[in-house]
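**Q** The following block contains the structure, expressed as structure tokens.
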Amino acid sequence: MHFAQDGITMEGKKENILARVRQQVPALSSKMNGEPLVYLDNAATTQKPVQVLDFLSDALKNRNANVHRSMYELSDRSTSAYEGARERVRRFINAPSRENVIFTSGTTASVNLVASCFCSKFVGKGDVILIEADSHHSNIVPWQLAAERAGASIKVIPTDVMTGSGRSGRLDLEGLDGLLSDNVKMVAVTQISNITGLRNPVSQIISAAHSKGIAVLVDGAQGIVHEKVDVQAMDCDFYAFSAHKIYGATGVGVLYGKKELLEAIPPYMGGGDMVETVTYDKTTYASLPLKFEAGTPNFIGAASLTPALDFAEYLRNGEVGEALGSEEERIVSYMMDKLDTPGIEVYGKPDSICGKSPIFTFNIESINAGDLAQLLDKMGIAVRSGMMCAEPLLNTFGAVSALRASFAPYNTLEEAETFVRCLERARTMLS
Amino acid sequence: MTIKETEQQIVEEFSLFDNWMDKYQYIIDLGKSMPVIDEAGKKDANLIKGCQSRVWLDCREEGGKLYFSADSDAIITKGIISLLIRVYDGHTPDEIIESEIDFIDTIGLRSNLSPTRANGLVSMMKQIKLYAVAFKEKEKEAAENKYSVEDVQKNVIRALKQVFDPEIPVNVYDLGLIYEIKVGEDRNVFIKMTMTSPTCPLAEDVVNDVNNAVSDAPGVKGVQIELTFEPEWDESRMSEEARLELGLM
């Protein structure tokens, strides 16, 4: 009796916390097609809290001046906000110094930077770049381009589907040691796959690669939202993520790199701000991190990472973190349970090593994912259909498209229930 | 029923539903009840790309009219195609090419589709019109081959006799303005012609008239016209009939 009452108060408290969090993200209480919006495309981009919205508007009103260039008050304010955000990022991922944190235009740009500059310095004819089968196109194509330029080749860490050992979509690391041959110069991994939602054993891959002196880049586009990231503990050589997937502005990304590597590789683009002295013949480059920030950066968008990461941390710590964490666990087990039914195949099933983040990609037998998404949209539910920029992985499952529902920490179990109810309705209509 | 009438019928059907879930249910049912395309029609050449789903569209001609069949791995897409087919089926290529259909906007379908799907719809309509254009070309080609080179030559002359000089009431052929007519094996026609005077202000109109008349002549595929003033035209080039006509004889 006493227990039950306690349970009720706990539930009530959690609901209050969830409501308080959701109030801070205005888009979540909007309507779509006459229905309350259930936004489940967070792996594509997240909705913004009012702190970020206010910050952006205030920055444009009161702090809009180019950074690192001038001697006036307005420019100083802008530069402090920009460099302040760099410090905020440093703290969020526990990078040793601001020199390790480079602002780019997104995860894609961060990966391209490394693929281009690292490979031009360290990858040559006959070398190998190892990528993961569950990668986003952004962690495949840049390496293919770089490999082609260097005369190197691409090899793939397979999933169990590819090795024939299962159909879970988990990476099959049985052959990893064999794949990490002497001529492998880089391993590009994905912390959490945007299709399977599985938390890959990144640390295991990193230590295997490092034991052979091979560098590792981690695509953290999804991982930054669903994992607590400590780049020093992880010991990755590069880590990439986008601001807009973690409540910040679009058009901004981060590249973390180990200092000795960032110093060793050549600059990416040439232009303003990345130089020390320029003559018509020769230029010496600015020191880190500006060496990789040619041209006027997206200084307002980048600065929005300060309130965005504050919000992310608020969602993660204390009683809010506890409430949201337990809600997320319930969402994952509810969804996996409901999707575990005949005629539905989920791409990405967890085990004791690979945990599941709240990203669910699946197909319903003989029903087109686009049809489902379209009907769900009419019921107020925003989900993604198509290839999700991971064509090769979907193909290994024999799929040409799929449906993906991806939750953020601000989503609720109630929304998961609405999703499942509407999915059933759409399924009935279409079969 | 004309294309417009079928469109109107569809608009009325959709006005019976008051919410979009019901409209979608109707489209889905249409998709499900659409006759299945045979595997031969599902070849790559019939595949329309650029949608989230795959669409195959096949077309056949019977008695100068076009009939379509289609398939898709998405039922909603299939339902929408069945509406398009209902509108276009059994019409001549010309009717299809000239039609401007707007029922998709009228029933609000376009604004209720995702942009990717709406683009797919546009490419389906484009494909249907392309089929119509292709069949028209084919028809024309078939007709052209019915005429021998000599026939075409005669047809061209007959056509030229319908084009009149703007100042003299005699056709350009009997006036002697046509210096050369060459009909190729491919039924392309080359014409070398002149004007009564190099300063003729209406030269362009006359050349256009000749071009149009010859293009429409049975069996002609294409026309190329060369305007020349070497040698200069004079009255001796007129035919007897022309001279009689003008009272010069």
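Convention: chains lettered A, B, ... in structure tokens order; per-chain residue numbering from 1; ligands numbered from 1 as shown.
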Based on only C-alpha atoms, which of the residues in chain A come within 10 Å of chain B? I want them as a ChimeraX atom specification.

**A** /A:33,366-379,385-387,400-401,426,429-431

**Q** Write out as an MDAnalysis selection string each polymer residue whose atoms come within 10 Å of A:Ile140, counting only C-alpha atoms; drop sequence neighbours fewer than 5 positions from it.

**A** chainID A and resid 111:112 115 130:135 145 154 156 188:189 390 392

**Q** Which one of B:Glu61, B:Asp105, B:Asp165, B:Asp22 sits closest to B:Asp209 if you count only C-alpha atoms?

**A** B:Asp165

**Q** So that I can check the surroundings of A:Val320, please list as an mmCIF file with N, CA and C atoms, in the first residue's frame every protein, DNA and RNA residue that reaches within 10 Å of it, counting only C-alpha atoms and ignoring chain neighbours fewer than 6 positions away.

**A**
data_model
loop_
_atom_site.group_PDB
_atom_site.id
_atom_site.type_symbol
_atom_site.label_atom_id
_atom_site.label_comp_id
_atom_site.auth_asym_id
_atom_site.auth_seq_id
_atom_site.Cartn_x
_atom_site.Cartn_y
_atom_site.Cartn_z
ATOM 1 N N LYS A 14 7.129 12.786 -12.203
ATOM 2 C CA LYS A 14 7.749 12.608 -13.517
ATOM 3 C C LYS A 14 6.950 13.333 -14.600
ATOM 4 N N ASN A 16 5.084 15.902 -14.189
ATOM 5 C CA ASN A 16 5.336 17.341 -14.047
ATOM 6 C C ASN A 16 6.642 17.743 -14.716
ATOM 7 N N ILE A 17 7.650 16.936 -14.489
ATOM 8 C CA ILE A 17 8.959 17.257 -15.069
ATOM 9 C C ILE A 17 8.874 17.240 -16.589
ATOM 10 N N LEU A 18 8.244 16.186 -17.136
ATOM 11 C CA LEU A 18 8.105 16.079 -18.591
ATOM 12 C C LEU A 18 7.359 17.283 -19.153
ATOM 13 N N ARG A 20 7.115 20.209 -17.857
ATOM 14 C CA ARG A 20 7.949 21.413 -17.728
ATOM 15 C C ARG A 20 8.990 21.459 -18.860
ATOM 16 N N VAL A 21 9.581 20.326 -19.157
ATOM 17 C CA VAL A 21 10.580 20.265 -20.236
ATOM 18 C C VAL A 21 9.922 20.623 -21.565
ATOM 19 N N GLU A 313 22.342 19.469 -21.218
ATOM 20 C CA GLU A 313 22.840 19.032 -19.919
ATOM 21 C C GLU A 313 21.726 19.042 -18.871
ATOM 22 N N TYR A 314 20.854 20.046 -18.997
ATOM 23 C CA TYR A 314 19.699 20.134 -18.095
ATOM 24 C C TYR A 314 18.816 18.895 -18.248
ATOM 25 N N SER A 326 14.342 7.472 -17.384
ATOM 26 C CA SER A 326 13.452 6.338 -17.166
ATOM 27 C C SER A 326 12.349 6.317 -18.219
#

**Q** Can you write out as CSV which residues of stretch 384-414 of chain A fall within 12 Å of stretch 163-168 of chain A, alongside each residue's closest atom pair and its distance in Å to one decimal, counting only C-alpha atoms and ordering rows by chain and ascending residue number?

**A**
residue,atom,partner,partner_atom,distance
A:Leu393,CA,A:Arg167,CA,11.9
A:Leu394,CA,A:Arg167,CA,11.9
A:Thr396,CA,A:Arg167,CA,9.6
A:Phe397,CA,A:Arg167,CA,7.9
A:Gly398,CA,A:Arg167,CA,11.1

**Q** So that I can check the surroundings of B:Leu57, please list as a PDB file with C-alpha atoms, in the first residue's frame every protein, DNA and RNA residue that reaches within 8 Å of it, counting only C-alpha atoms and ignoring chain neighbours fewer than 4 positions away.

**A**
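Generated output (selection_0.pdb):
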ATOM      1  CA  GLY B  41       5.330  -3.805 -68.680  1.00  0.00           C
ATOM      2  CA  LYS B  42       7.507  -3.611 -65.575  1.00  0.00           C
ATOM      3  CA  ASN B  46       8.870   2.090 -68.101  1.00  0.00           C
ATOM      4  CA  LEU B  47      10.249   2.966 -64.678  1.00  0.00           C
ATOM      5  CA  ILE B  48       9.735   6.530 -63.495  1.00  0.00           C
ATOM      6  CA  PHE B  68      -2.264   3.324 -70.034  1.00  0.00           C
ATOM      7  CA  SER B  69      -1.442   0.756 -67.418  1.00  0.00           C
ATOM      8  CA  ALA B  70       0.742   1.286 -64.367  1.00  0.00           C
ATOM      9  CA  ASP B  71       2.029  -0.162 -61.166  1.00  0.00           C
TER      10      ASP B  71
END

**Q** Excluding same-chain residues fewer than 5 positions from A:Asn42, what lies within 12 Å of it counting only C-alpha atoms, as a list in words?

**A**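 What passes the distance filter is Leu28, Gln47, Lys48, Asn194, Gly197, Ala221, Gln222, Val225, His226, His244, Lys245, Ile246, Tyr247, Ser357, Pro358, Ile359, Phe360, Ala382, Val383, Arg384, Arg404, Ala405, Ser406, Phe407, Ala408, Pro409, Tyr410 and Asn411 of chain A.
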
**Q** Please produce a file of those selected residues containing N, CA and C atoms, as a PDB file, in the first residue's frame.

**A**
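Everything below was put into again_26.pdb:
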ATOM      1  N   LEU A  28       6.773  21.702 -29.849  1.00  0.00           N
ATOM      2  CA  LEU A  28       6.162  20.450 -29.402  1.00  0.00           C
ATOM      3  C   LEU A  28       4.678  20.605 -29.076  1.00  0.00           C
ATOM      4  N   GLN A  47      13.860  19.843 -32.382  1.00  0.00           N
ATOM      5  CA  GLN A  47      13.162  21.110 -32.166  1.00  0.00           C
ATOM      6  C   GLN A  47      13.949  21.927 -31.131  1.00  0.00           C
ATOM      7  N   LYS A  48      13.763  23.250 -31.196  1.00  0.00           N
ATOM      8  CA  LYS A  48      14.615  24.131 -30.388  1.00  0.00           C
ATOM      9  C   LYS A  48      13.904  24.635 -29.133  1.00  0.00           C
ATOM     10  N   ASN A 194      22.231   5.878 -37.463  1.00  0.00           N
ATOM     11  CA  ASN A 194      20.976   6.614 -37.660  1.00  0.00           C
ATOM     12  C   ASN A 194      19.868   5.708 -38.195  1.00  0.00           C
ATOM     13  N   GLY A 197      19.924   2.582 -34.705  1.00  0.00           N
ATOM     14  CA  GLY A 197      19.827   3.156 -33.372  1.00  0.00           C
ATOM     15  C   GLY A 197      20.679   2.407 -32.359  1.00  0.00           C
ATOM     16  N   ALA A 221      26.980  12.156 -34.787  1.00  0.00           N
ATOM     17  CA  ALA A 221      25.762  12.913 -35.120  1.00  0.00           C
ATOM     18  C   ALA A 221      24.584  12.487 -34.242  1.00  0.00           C
ATOM     19  N   GLN A 222      24.397  11.181 -34.053  1.00  0.00           N
ATOM     20  CA  GLN A 222      23.317  10.703 -33.176  1.00  0.00           C
ATOM     21  C   GLN A 222      23.834  10.510 -31.748  1.00  0.00           C
ATOM     22  N   VAL A 225      23.595  13.149 -28.838  1.00  0.00           N
ATOM     23  CA  VAL A 225      22.303  13.367 -28.187  1.00  0.00           C
ATOM     24  C   VAL A 225      22.010  12.292 -27.135  1.00  0.00           C
ATOM     25  N   HIS A 226      22.357  11.047 -27.475  1.00  0.00           N
ATOM     26  CA  HIS A 226      21.908   9.927 -26.641  1.00  0.00           C
ATOM     27  C   HIS A 226      22.992   9.329 -25.742  1.00  0.00           C
ATOM     28  N   HIS A 244      22.528  21.239 -34.892  1.00  0.00           N
ATOM     29  CA  HIS A 244      21.065  21.225 -35.017  1.00  0.00           C
ATOM     30  C   HIS A 244      20.434  19.930 -34.512  1.00  0.00           C
ATOM     31  N   LYS A 245      21.237  18.883 -34.390  1.00  0.00           N
ATOM     32  CA  LYS A 245      20.671  17.643 -33.867  1.00  0.00           C
ATOM     33  C   LYS A 245      20.661  17.643 -32.341  1.00  0.00           C
ATOM     34  N   ILE A 246      21.300  18.644 -31.737  1.00  0.00           N
ATOM     35  CA  ILE A 246      21.288  18.747 -30.285  1.00  0.00           C
ATOM     36  C   ILE A 246      20.793  20.140 -29.881  1.00  0.00           C
ATOM     37  N   TYR A 247      19.651  20.529 -30.461  1.00  0.00           N
ATOM     38  CA  TYR A 247      18.878  21.723 -30.082  1.00  0.00           C
ATOM     39  C   TYR A 247      19.472  23.054 -30.547  1.00  0.00           C
ATOM     40  N   SER A 357      19.318   2.877 -28.718  1.00  0.00           N
ATOM     41  CA  SER A 357      18.848   4.239 -28.478  1.00  0.00           C
ATOM     42  C   SER A 357      17.438   4.339 -29.066  1.00  0.00           C
ATOM     43  N   PRO A 358      16.683   5.382 -28.742  1.00  0.00           N
ATOM     44  CA  PRO A 358      15.277   5.411 -29.190  1.00  0.00           C
ATOM     45  C   PRO A 358      15.109   5.769 -30.669  1.00  0.00           C
ATOM     46  N   ILE A 359      15.832   5.078 -31.522  1.00  0.00           N
ATOM     47  CA  ILE A 359      15.711   5.256 -32.975  1.00  0.00           C
ATOM     48  C   ILE A 359      15.233   3.919 -33.530  1.00  0.00           C
ATOM     49  N   PHE A 360      14.071   3.931 -34.200  1.00  0.00           N
ATOM     50  CA  PHE A 360      13.457   2.668 -34.645  1.00  0.00           C
ATOM     51  C   PHE A 360      13.192   2.721 -36.139  1.00  0.00           C
ATOM     52  N   ALA A 382       5.073  13.114 -37.342  1.00  0.00           N
ATOM     53  CA  ALA A 382       6.167  13.367 -38.281  1.00  0.00           C
ATOM     54  C   ALA A 382       7.220  12.282 -38.140  1.00  0.00           C
ATOM     55  N   VAL A 383       7.302  11.424 -39.138  1.00  0.00           N
ATOM     56  CA  VAL A 383       8.345  10.398 -39.159  1.00  0.00           C
ATOM     57  C   VAL A 383       9.010  10.410 -40.525  1.00  0.00           C
ATOM     58  N   ARG A 384      10.147   9.782 -40.605  1.00  0.00           N
ATOM     59  CA  ARG A 384      10.906   9.785 -41.845  1.00  0.00           C
ATOM     60  C   ARG A 384      10.663   8.490 -42.609  1.00  0.00           C
ATOM     61  N   ARG A 404      11.178   5.370 -40.269  1.00  0.00           N
ATOM     62  CA  ARG A 404      11.968   5.571 -39.052  1.00  0.00           C
ATOM     63  C   ARG A 404      11.261   6.526 -38.098  1.00  0.00           C
ATOM     64  N   ALA A 405      11.107   6.074 -36.853  1.00  0.00           N
ATOM     65  CA  ALA A 405      10.612   6.944 -35.793  1.00  0.00           C
ATOM     66  C   ALA A 405      11.785   7.163 -34.849  1.00  0.00           C
ATOM     67  N   SER A 406      12.224   8.400 -34.698  1.00  0.00           N
ATOM     68  CA  SER A 406      13.367   8.664 -33.823  1.00  0.00           C
ATOM     69  C   SER A 406      12.968   9.655 -32.739  1.00  0.00           C
ATOM     70  N   PHE A 407      13.165   9.249 -31.505  1.00  0.00           N
ATOM     71  CA  PHE A 407      12.751  10.035 -30.346  1.00  0.00           C
ATOM     72  C   PHE A 407      13.906  10.859 -29.806  1.00  0.00           C
ATOM     73  N   ALA A 408      13.568  11.992 -29.207  1.00  0.00           N
ATOM     74  CA  ALA A 408      14.542  12.805 -28.475  1.00  0.00           C
ATOM     75  C   ALA A 408      14.187  12.687 -26.997  1.00  0.00           C
ATOM     76  N   PRO A 409      15.084  13.147 -26.117  1.00  0.00           N
ATOM     77  CA  PRO A 409      14.781  13.070 -24.691  1.00  0.00           C
ATOM     78  C   PRO A 409      13.469  13.762 -24.302  1.00  0.00           C
ATOM     79  N   TYR A 410      13.004  14.750 -25.101  1.00  0.00           N
ATOM     80  CA  TYR A 410      11.765  15.443 -24.735  1.00  0.00           C
ATOM     81  C   TYR A 410      10.498  14.704 -25.178  1.00  0.00           C
ATOM     82  N   ASN A 411      10.638  13.582 -25.878  1.00  0.00           N
ATOM     83  CA  ASN A 411       9.455  12.812 -26.283  1.00  0.00           C
ATOM     84  C   ASN A 411       8.967  11.940 -25.126  1.00  0.00           C
TER      85      ASN A 411
END

**Q** Fewer than 5 positions away in the same chain doesn't count, so skip those; otherwise give me all residues within 10 Å of A:Ser207, counting only C-alpha atoms, as a list of chain:residue names.

**A**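 The neighbour list is A:Val202, A:Lys212, A:Gly213, A:Ile214, A:Val216, A:Met234, A:Asp235, A:Cys236.
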
**Q** The selected residues should be written to file as a PDB file, in the first residue's frame (atoms: C-alpha atoms).

**A**
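Okay, again-v2.pdb is ready:
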ATOM      1  CA  VAL A 202      33.152   2.251 -30.212  1.00  0.00           C
ATOM      2  CA  LYS A 212      48.010  -1.148 -34.321  1.00  0.00           C
ATOM      3  CA  GLY A 213      48.671   2.589 -34.478  1.00  0.00           C
ATOM      4  CA  ILE A 214      45.589   3.348 -36.615  1.00  0.00           C
ATOM      5  CA  VAL A 216      39.867   6.597 -35.572  1.00  0.00           C
ATOM      6  CA  MET A 234      36.840   7.451 -25.499  1.00  0.00           C
ATOM      7  CA  ASP A 235      40.330   8.221 -26.825  1.00  0.00           C
ATOM      8  CA  CYS A 236      39.089   8.828 -30.382  1.00  0.00           C
TER       9      CYS A 236
END

**Q** Got a sec: who's within 9 Å of A:Asn66, counting only C-alpha atoms, leaving out chain neighbours fewer than 6 positions off, as a list in words?

**A**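 The neighbour list is Leu74, Ser75, Ser78, Thr79, Thr296, Pro297 and Phe299 of chain A.
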
**Q** DSSP says alpha helix (DSSP H) for which residues of stretch 76-188 of chain B? Put them as JSON, numbers by chain?

**A** {"B": [76, 77, 78, 79, 80, 81, 82, 83, 84, 85, 86, 87, 88, 93, 94, 95, 96, 97, 98, 103, 104, 105, 106, 115, 116, 117, 118, 119, 120, 121, 122, 123, 124, 125, 126, 127, 128, 129, 130, 131, 132, 133, 134, 135, 136, 137, 138, 139, 140, 141, 142, 143, 144, 149, 150, 151, 152, 153, 154, 155, 156, 157, 158, 159, 160, 172, 173, 174, 175]}

**Q** Would you please work out which residue, of A:Glu415, A:Glu174, A:Glu345, A:Glu322, is nearest to A:Met10 when using only C-alpha atoms?

**A** A:Glu322

**Q** According to DSSP computed on the backbone, where in stretch 301-408 of chain A is there strand (DSSP E)? Give the residues as a list in words.

**A**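 Selecting the strand (DSSP E) positions of stretch 301-408 of chain A gives Ile344, Glu345, Val346, Gly355, Lys356, Ile359, Phe360, Thr361, Phe362, Asn363, Ile364, Ile381, Ala382, Arg384, Ser385, Gly386, Ala402, Leu403, Arg404, Ala405 and Ser406 of chain A.
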
**Q** Next, the residues of the selection above should be written as a JSON list (two decimals), in the first residue's frame with N, CA and C atoms.

**A**
[["chain", "number", "residue", "atom", "x", "y", "z"],
["A", 344, "ILE", "N", 6.35, -7.41, -39.26],
["A", 344, "ILE", "CA", 7.19, -6.22, -39.10],
["A", 344, "ILE", "C", 8.63, -6.65, -38.89],
["A", 345, "GLU", "N", 9.55, -6.03, -39.65],
["A", 345, "GLU", "CA", 10.96, -6.30, -39.37],
["A", 345, "GLU", "C", 11.64, -5.02, -38.91],
["A", 346, "VAL", "N", 12.23, -5.09, -37.70],
["A", 346, "VAL", "CA", 12.96, -3.95, -37.15],
["A", 346, "VAL", "C", 14.43, -4.12, -37.53],
["A", 355, "GLY", "N", 23.64, -1.55, -26.97],
["A", 355, "GLY", "CA", 22.37, -1.05, -26.45],
["A", 355, "GLY", "C", 21.55, -0.41, -27.55],
["A", 356, "LYS", "N", 20.28, -0.11, -27.25],
["A", 356, "LYS", "CA", 19.41, 0.50, -28.26],
["A", 356, "LYS", "C", 19.07, 1.92, -27.83],
["A", 359, "ILE", "N", 15.83, 5.08, -31.52],
["A", 359, "ILE", "CA", 15.71, 5.26, -32.97],
["A", 359, "ILE", "C", 15.23, 3.92, -33.53],
["A", 360, "PHE", "N", 14.07, 3.93, -34.20],
["A", 360, "PHE", "CA", 13.46, 2.67, -34.64],
["A", 360, "PHE", "C", 13.19, 2.72, -36.14],
["A", 361, "THR", "N", 13.88, 1.87, -36.86],
["A", 361, "THR", "CA", 13.69, 1.81, -38.31],
["A", 361, "THR", "C", 13.14, 0.44, -38.64],
["A", 362, "PHE", "N", 12.11, 0.40, -39.46],
["A", 362, "PHE", "CA", 11.47, -0.89, -39.74],
["A", 362, "PHE", "C", 10.64, -0.84, -41.02],
["A", 363, "ASN", "N", 10.21, -2.00, -41.43],
["A", 363, "ASN", "CA", 9.28, -2.11, -42.55],
["A", 363, "ASN", "C", 8.14, -3.03, -42.16],
["A", 364, "ILE", "N", 6.96, -2.73, -42.67],
["A", 364, "ILE", "CA", 5.84, -3.64, -42.53],
["A", 364, "ILE", "C", 5.70, -4.36, -43.87],
["A", 381, "ILE", "N", 1.61, 12.96, -37.09],
["A", 381, "ILE", "CA", 2.87, 12.34, -36.69],
["A", 381, "ILE", "C", 3.94, 12.54, -37.76],
["A", 382, "ALA", "N", 5.07, 13.11, -37.34],
["A", 382, "ALA", "CA", 6.17, 13.37, -38.28],
["A", 382, "ALA", "C", 7.22, 12.28, -38.14],
["A", 384, "ARG", "N", 10.15, 9.78, -40.61],
["A", 384, "ARG", "CA", 10.91, 9.79, -41.84],
["A", 384, "ARG", "C", 10.66, 8.49, -42.61],
["A", 385, "SER", "N", 10.58, 8.62, -43.93],
["A", 385, "SER", "CA", 10.54, 7.42, -44.76],
["A", 385, "SER", "C", 11.58, 7.59, -45.86],
["A", 386, "GLY", "N", 12.02, 6.46, -46.42],
["A", 386, "GLY", "CA", 13.00, 6.54, -47.49],
["A", 386, "GLY", "C", 14.24, 5.75, -47.12],
["A", 402, "ALA", "N", 12.47, 2.48, -45.89],
["A", 402, "ALA", "CA", 12.01, 2.03, -44.58],
["A", 402, "ALA", "C", 11.36, 3.21, -43.87],
["A", 403, "LEU", "N", 10.72, 2.92, -42.75],
["A", 403, "LEU", "CA", 10.11, 3.96, -41.94],
["A", 403, "LEU", "C", 10.95, 4.12, -40.67],
["A", 404, "ARG", "N", 11.18, 5.37, -40.27],
["A", 404, "ARG", "CA", 11.97, 5.57, -39.05],
["A", 404, "ARG", "C", 11.26, 6.53, -38.10],
["A", 405, "ALA", "N", 11.11, 6.07, -36.85],
["A", 405, "ALA", "CA", 10.61, 6.94, -35.79],
["A", 405, "ALA", "C", 11.79, 7.16, -34.85],
["A", 406, "SER", "N", 12.22, 8.40, -34.70],
["A", 406, "SER", "CA", 13.37, 8.66, -33.82],
["A", 406, "SER", "C", 12.97, 9.66, -32.74]]

**Q** So, with only C-alpha atoms as the atoms that count, which of B:Met124, B:Val207, B:Val183, B:Leu177 lies closest to B:Gly222?

**A**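 Closest to B:Gly222, using only C-alpha atoms: B:Val183.
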
**Q** Which residue is closest to A:Ala146? Choose from A:Val128, A:Met388, A:Leu173, A:Met71 and count only C-alpha atoms.

**A** A:Val128

**Q** So the first atom is atom CA of A:Asp177 and the second is atom CA of A:Met162; what is the distance between them in Å, to one decimal place?

**A**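 Those two atoms sit 17.2 Å apart.
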
**Q** Find the residue from B:Asn145, B:Gln8, B:Asn208, B:Ser239 that sits nearest to B:Tyr173; use only C-alpha atoms when measuring.

**A** B:Ser239

**Q** Rank B:Lys192, B:Arg60, B:Arg187, B:Lys182 by their smallest atom-to-atom distance to B:Lys146, using only C-alpha atoms, and report the top residue only.

**A**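 Among the listed residues, the smallest separation from B:Lys146 belongs to B:Arg187.
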